[in-house]
Amino acid sequence: LLGGMIWGISMALHEEAVRDRASGGPVGADLAGYHVATHADVPHIEADWIDDTDPADPVGIKGIGEVGIVGAAAAVANAVWHATGVRHRSLPIRPDRVL
């Protein structure tokens, strides 16, 4: 769950796939320059666990990793909107785009 939340924060603030307009290929075709947030990049996050089963799953288990991604990115975008009055509809939210 925490990993998914960190991935969502990374999606909101860091990750961007830039394409070359001439070739259509990716700019920087390796992961060496692609910043992805890790546990060291974010402050302490507290998540609550809800002990429940999924009746649609034969074993009753629920996926937890991916659920935090979309919610975290949306929460960051809403926090920026509330703080600045600027609504962002594309990610990542960078300082130059806020200004």
# chains A, B, ... in the order shown; residues from 1 in each chain; ligands from 1
call {"tool": "select_by_dssp", "arguments": {"residues": "chain A", "states": "helix (DSSP H, G or I)", "output": "VMD selection string"}}
result
chain A and resid 2 to 13 39 to 41 67 to 84 95 to 98
call {"tool": "write_last_selection", "arguments": {"atoms": "N, CA, C and O atoms", "output": "short mmCIF file (atom, residue, chain, number, x, y, z; two decimals), in the first residue's frame"}}
result
data_model
loop_
_atom_site.label_atom_id
_atom_site.label_comp_id
_atom_site.auth_asym_id
_atom_site.auth_seq_id
_atom_site.Cartn_x
_atom_site.Cartn_y
_atom_site.Cartn_z
N LEU A 2 1.86 1.30 0.88
CA LEU A 2 2.73 2.48 0.92
C LEU A 2 3.50 2.64 -0.39
O LEU A 2 3.70 3.75 -0.86
N GLY A 3 3.92 1.51 -0.96
CA GLY A 3 4.61 1.58 -2.25
C GLY A 3 3.72 2.20 -3.31
O GLY A 3 4.15 3.04 -4.10
N GLY A 4 2.45 1.82 -3.34
CA GLY A 4 1.50 2.40 -4.29
C GLY A 4 1.31 3.88 -4.07
O GLY A 4 1.21 4.67 -5.01
N MET A 5 1.28 4.31 -2.81
CA MET A 5 1.13 5.73 -2.51
C MET A 5 2.37 6.51 -2.98
O MET A 5 2.26 7.60 -3.54
N ILE A 6 3.54 5.94 -2.77
CA ILE A 6 4.77 6.59 -3.23
C ILE A 6 4.82 6.63 -4.75
O ILE A 6 5.23 7.63 -5.34
N TRP A 7 4.37 5.58 -5.41
CA TRP A 7 4.30 5.58 -6.88
C TRP A 7 3.36 6.70 -7.35
O TRP A 7 3.61 7.36 -8.34
N GLY A 8 2.24 6.90 -6.64
CA GLY A 8 1.30 7.96 -7.01
C GLY A 8 1.90 9.34 -6.84
O GLY A 8 1.71 10.23 -7.67
N ILE A 9 2.65 9.54 -5.75
CA ILE A 9 3.35 10.82 -5.55
C ILE A 9 4.38 11.02 -6.65
O ILE A 9 4.53 12.11 -7.19
N SER A 10 5.09 9.96 -6.99
CA SER A 10 6.08 10.03 -8.06
C SER A 10 5.42 10.38 -9.39
O SER A 10 5.91 11.21 -10.15
N MET A 11 4.28 9.77 -9.68
CA MET A 11 3.55 10.06 -10.90
C MET A 11 3.12 11.53 -10.92
O MET A 11 3.22 12.20 -11.95
N ALA A 12 2.69 12.05 -9.78
CA ALA A 12 2.20 13.42 -9.72
C ALA A 12 3.31 14.45 -9.86
O ALA A 12 3.10 15.52 -10.44
N LEU A 13 4.50 14.17 -9.33
CA LEU A 13 5.53 15.19 -9.24
C LEU A 13 6.79 14.94 -10.07
O LEU A 13 7.55 15.88 -10.31
N HIS A 39 11.23 5.48 -1.36
CA HIS A 39 10.89 5.73 0.04
C HIS A 39 11.73 6.87 0.63
O HIS A 39 11.26 7.61 1.48
N ALA A 40 12.96 7.03 0.17
CA ALA A 40 13.83 8.09 0.68
C ALA A 40 13.39 9.48 0.24
O ALA A 40 13.80 10.48 0.84
N ASP A 41 12.55 9.59 -0.79
CA ASP A 41 12.13 10.88 -1.32
C ASP A 41 10.89 11.46 -0.67
O ASP A 41 10.52 12.59 -0.94
N VAL A 67 -3.93 0.42 -5.91
CA VAL A 67 -5.03 1.26 -5.45
C VAL A 67 -4.55 2.64 -5.01
O VAL A 67 -5.19 3.65 -5.26
N GLY A 68 -3.39 2.70 -4.38
CA GLY A 68 -2.89 3.97 -3.88
C GLY A 68 -2.34 4.90 -4.93
O GLY A 68 -2.16 6.09 -4.69
N ILE A 69 -2.08 4.39 -6.12
CA ILE A 69 -1.43 5.21 -7.15
C ILE A 69 -2.34 6.37 -7.59
O ILE A 69 -1.96 7.53 -7.53
N VAL A 70 -3.53 6.06 -8.05
CA VAL A 70 -4.41 7.09 -8.59
C VAL A 70 -4.86 8.05 -7.50
O VAL A 70 -4.88 9.26 -7.70
N GLY A 71 -5.19 7.53 -6.34
CA GLY A 71 -5.64 8.40 -5.24
C GLY A 71 -4.56 9.36 -4.78
O GLY A 71 -4.83 10.52 -4.49
N ALA A 72 -3.32 8.90 -4.72
CA ALA A 72 -2.22 9.76 -4.27
C ALA A 72 -1.96 10.87 -5.28
O ALA A 72 -1.77 12.04 -4.90
N ALA A 73 -1.93 10.56 -6.56
CA ALA A 73 -1.70 11.58 -7.58
C ALA A 73 -2.83 12.61 -7.57
O ALA A 73 -2.58 13.82 -7.67
N ALA A 74 -4.06 12.17 -7.42
CA ALA A 74 -5.20 13.08 -7.36
C ALA A 74 -5.13 13.95 -6.11
O ALA A 74 -5.44 15.15 -6.16
N ALA A 75 -4.71 13.38 -4.99
CA ALA A 75 -4.59 14.16 -3.75
C ALA A 75 -3.53 15.25 -3.88
O ALA A 75 -3.72 16.37 -3.42
N VAL A 76 -2.41 14.94 -4.52
CA VAL A 76 -1.36 15.94 -4.74
C VAL A 76 -1.89 17.05 -5.65
O VAL A 76 -1.70 18.24 -5.39
N ALA A 77 -2.56 16.67 -6.73
CA ALA A 77 -3.12 17.68 -7.65
C ALA A 77 -4.14 18.56 -6.93
O ALA A 77 -4.15 19.79 -7.13
N ASN A 78 -4.97 17.99 -6.09
CA ASN A 78 -5.95 18.78 -5.34
C ASN A 78 -5.26 19.69 -4.32
O ASN A 78 -5.70 20.82 -4.10
N ALA A 79 -4.19 19.22 -3.68
CA ALA A 79 -3.46 20.05 -2.73
C ALA A 79 -2.83 21.25 -3.44
O ALA A 79 -2.87 22.37 -2.91
N VAL A 80 -2.28 21.03 -4.63
CA VAL A 80 -1.70 22.15 -5.40
C VAL A 80 -2.80 23.13 -5.79
O VAL A 80 -2.63 24.35 -5.71
N TRP A 81 -3.94 22.63 -6.20
CA TRP A 81 -5.07 23.49 -6.57
C TRP A 81 -5.53 24.32 -5.38
O TRP A 81 -5.74 25.54 -5.50
N HIS A 82 -5.69 23.70 -4.23
CA HIS A 82 -6.13 24.43 -3.03
C HIS A 82 -5.10 25.47 -2.60
O HIS A 82 -5.45 26.55 -2.11
N ALA A 83 -3.82 25.18 -2.78
CA ALA A 83 -2.76 26.09 -2.35
C ALA A 83 -2.55 27.25 -3.33
O ALA A 83 -2.20 28.35 -2.92
N THR A 84 -2.77 26.99 -4.63
CA THR A 84 -2.42 28.00 -5.64
C THR A 84 -3.60 28.51 -6.44
O THR A 84 -3.49 29.55 -7.08
N PRO A 95 7.14 22.95 -10.87
CA PRO A 95 7.06 24.37 -10.49
C PRO A 95 6.85 25.31 -11.69
O PRO A 95 6.08 26.26 -11.59
N ASP A 96 7.50 25.03 -12.81
CA ASP A 96 7.33 25.91 -13.97
C ASP A 96 5.91 25.88 -14.52
O ASP A 96 5.41 26.86 -15.06
N ARG A 97 5.21 24.78 -14.34
CA ARG A 97 3.82 24.68 -14.80
C ARG A 97 2.87 25.35 -13.81
O ARG A 97 1.80 25.82 -14.21
N VAL A 98 3.24 25.39 -12.55
CA VAL A 98 2.39 26.04 -11.55
C VAL A 98 2.46 27.55 -11.75
O VAL A 98 1.45 28.25 -11.65
#
call {"tool": "closest_residue", "arguments": {"among": "A:Ser90, A:Leu99, A:Ala32, A:Trp49", "to": "Glu16 in chain A", "atoms": "only C-alpha atoms"}}
result
A:Ser90
call {"tool": "atom_distance", "arguments": {"atom1": "CA of Val86 in chain A", "atom2": "CA of Gly33 in chain A"}}
result
28.3 Å
call {"tool": "closest_residue", "arguments": {"among": "A:Asp57, A:Asp30, A:Asp51, A:Glu46", "to": "Val18 in chain A", "atoms": "only C-alpha atoms"}}
result
A:Asp30
call {"tool": "atom_distance", "arguments": {"atom1": "CA of His35 in chain A", "atom2": "CA of Pro92 in chain A"}}
result
11.4 Å
call {"tool": "atom_distance", "arguments": {"atom1": "CA of Ile93 in chain A", "atom2": "CA of Ala22 in chain A"}}
result
25.0 Å
call {"tool": "decode", "arguments": {"residues": "range 77-92 of chain A", "atoms": "N, CA and C atoms", "output": "CSV table (one decimal), in the first residue's frame"}}
result
chain,number,residue,atom,x,y,z
A,77,ALA,N,-2.6,16.7,-6.7
A,77,ALA,CA,-3.1,17.7,-7.6
A,77,ALA,C,-4.1,18.6,-6.9
A,78,ASN,N,-5.0,18.0,-6.1
A,78,ASN,CA,-5.9,18.8,-5.3
A,78,ASN,C,-5.3,19.7,-4.3
A,79,ALA,N,-4.2,19.2,-3.7
A,79,ALA,CA,-3.5,20.0,-2.7
A,79,ALA,C,-2.8,21.3,-3.4
A,80,VAL,N,-2.3,21.0,-4.6
A,80,VAL,CA,-1.7,22.1,-5.4
A,80,VAL,C,-2.8,23.1,-5.8
A,81,TRP,N,-3.9,22.6,-6.2
A,81,TRP,CA,-5.1,23.5,-6.6
A,81,TRP,C,-5.5,24.3,-5.4
A,82,HIS,N,-5.7,23.7,-4.2
A,82,HIS,CA,-6.1,24.4,-3.0
A,82,HIS,C,-5.1,25.5,-2.6
A,83,ALA,N,-3.8,25.2,-2.8
A,83,ALA,CA,-2.8,26.1,-2.4
A,83,ALA,C,-2.5,27.2,-3.3
A,84,THR,N,-2.8,27.0,-4.6
A,84,THR,CA,-2.4,28.0,-5.6
A,84,THR,C,-3.6,28.5,-6.4
A,85,GLY,N,-4.7,27.8,-6.4
A,85,GLY,CA,-5.8,28.1,-7.3
A,85,GLY,C,-5.7,27.7,-8.7
A,86,VAL,N,-4.6,27.0,-9.0
A,86,VAL,CA,-4.3,26.5,-10.4
A,86,VAL,C,-4.6,25.0,-10.5
A,87,ARG,N,-5.5,24.7,-11.4
A,87,ARG,CA,-5.9,23.3,-11.6
A,87,ARG,C,-5.0,22.7,-12.6
A,88,HIS,N,-4.4,21.6,-12.3
A,88,HIS,CA,-3.5,20.9,-13.3
A,88,HIS,C,-4.2,19.6,-13.8
A,89,ARG,N,-4.2,19.5,-15.1
A,89,ARG,CA,-4.9,18.3,-15.7
A,89,ARG,C,-3.9,17.4,-16.4
A,90,SER,N,-2.6,17.7,-16.3
A,90,SER,CA,-1.6,16.9,-16.8
A,90,SER,C,-0.5,16.7,-15.8
A,91,LEU,N,0.2,15.6,-15.8
A,91,LEU,CA,1.2,15.3,-14.9
A,91,LEU,C,2.5,15.1,-15.6
A,92,PRO,N,3.7,15.4,-15.0
A,92,PRO,CA,3.8,15.8,-13.6
A,92,PRO,C,3.6,17.2,-13.4
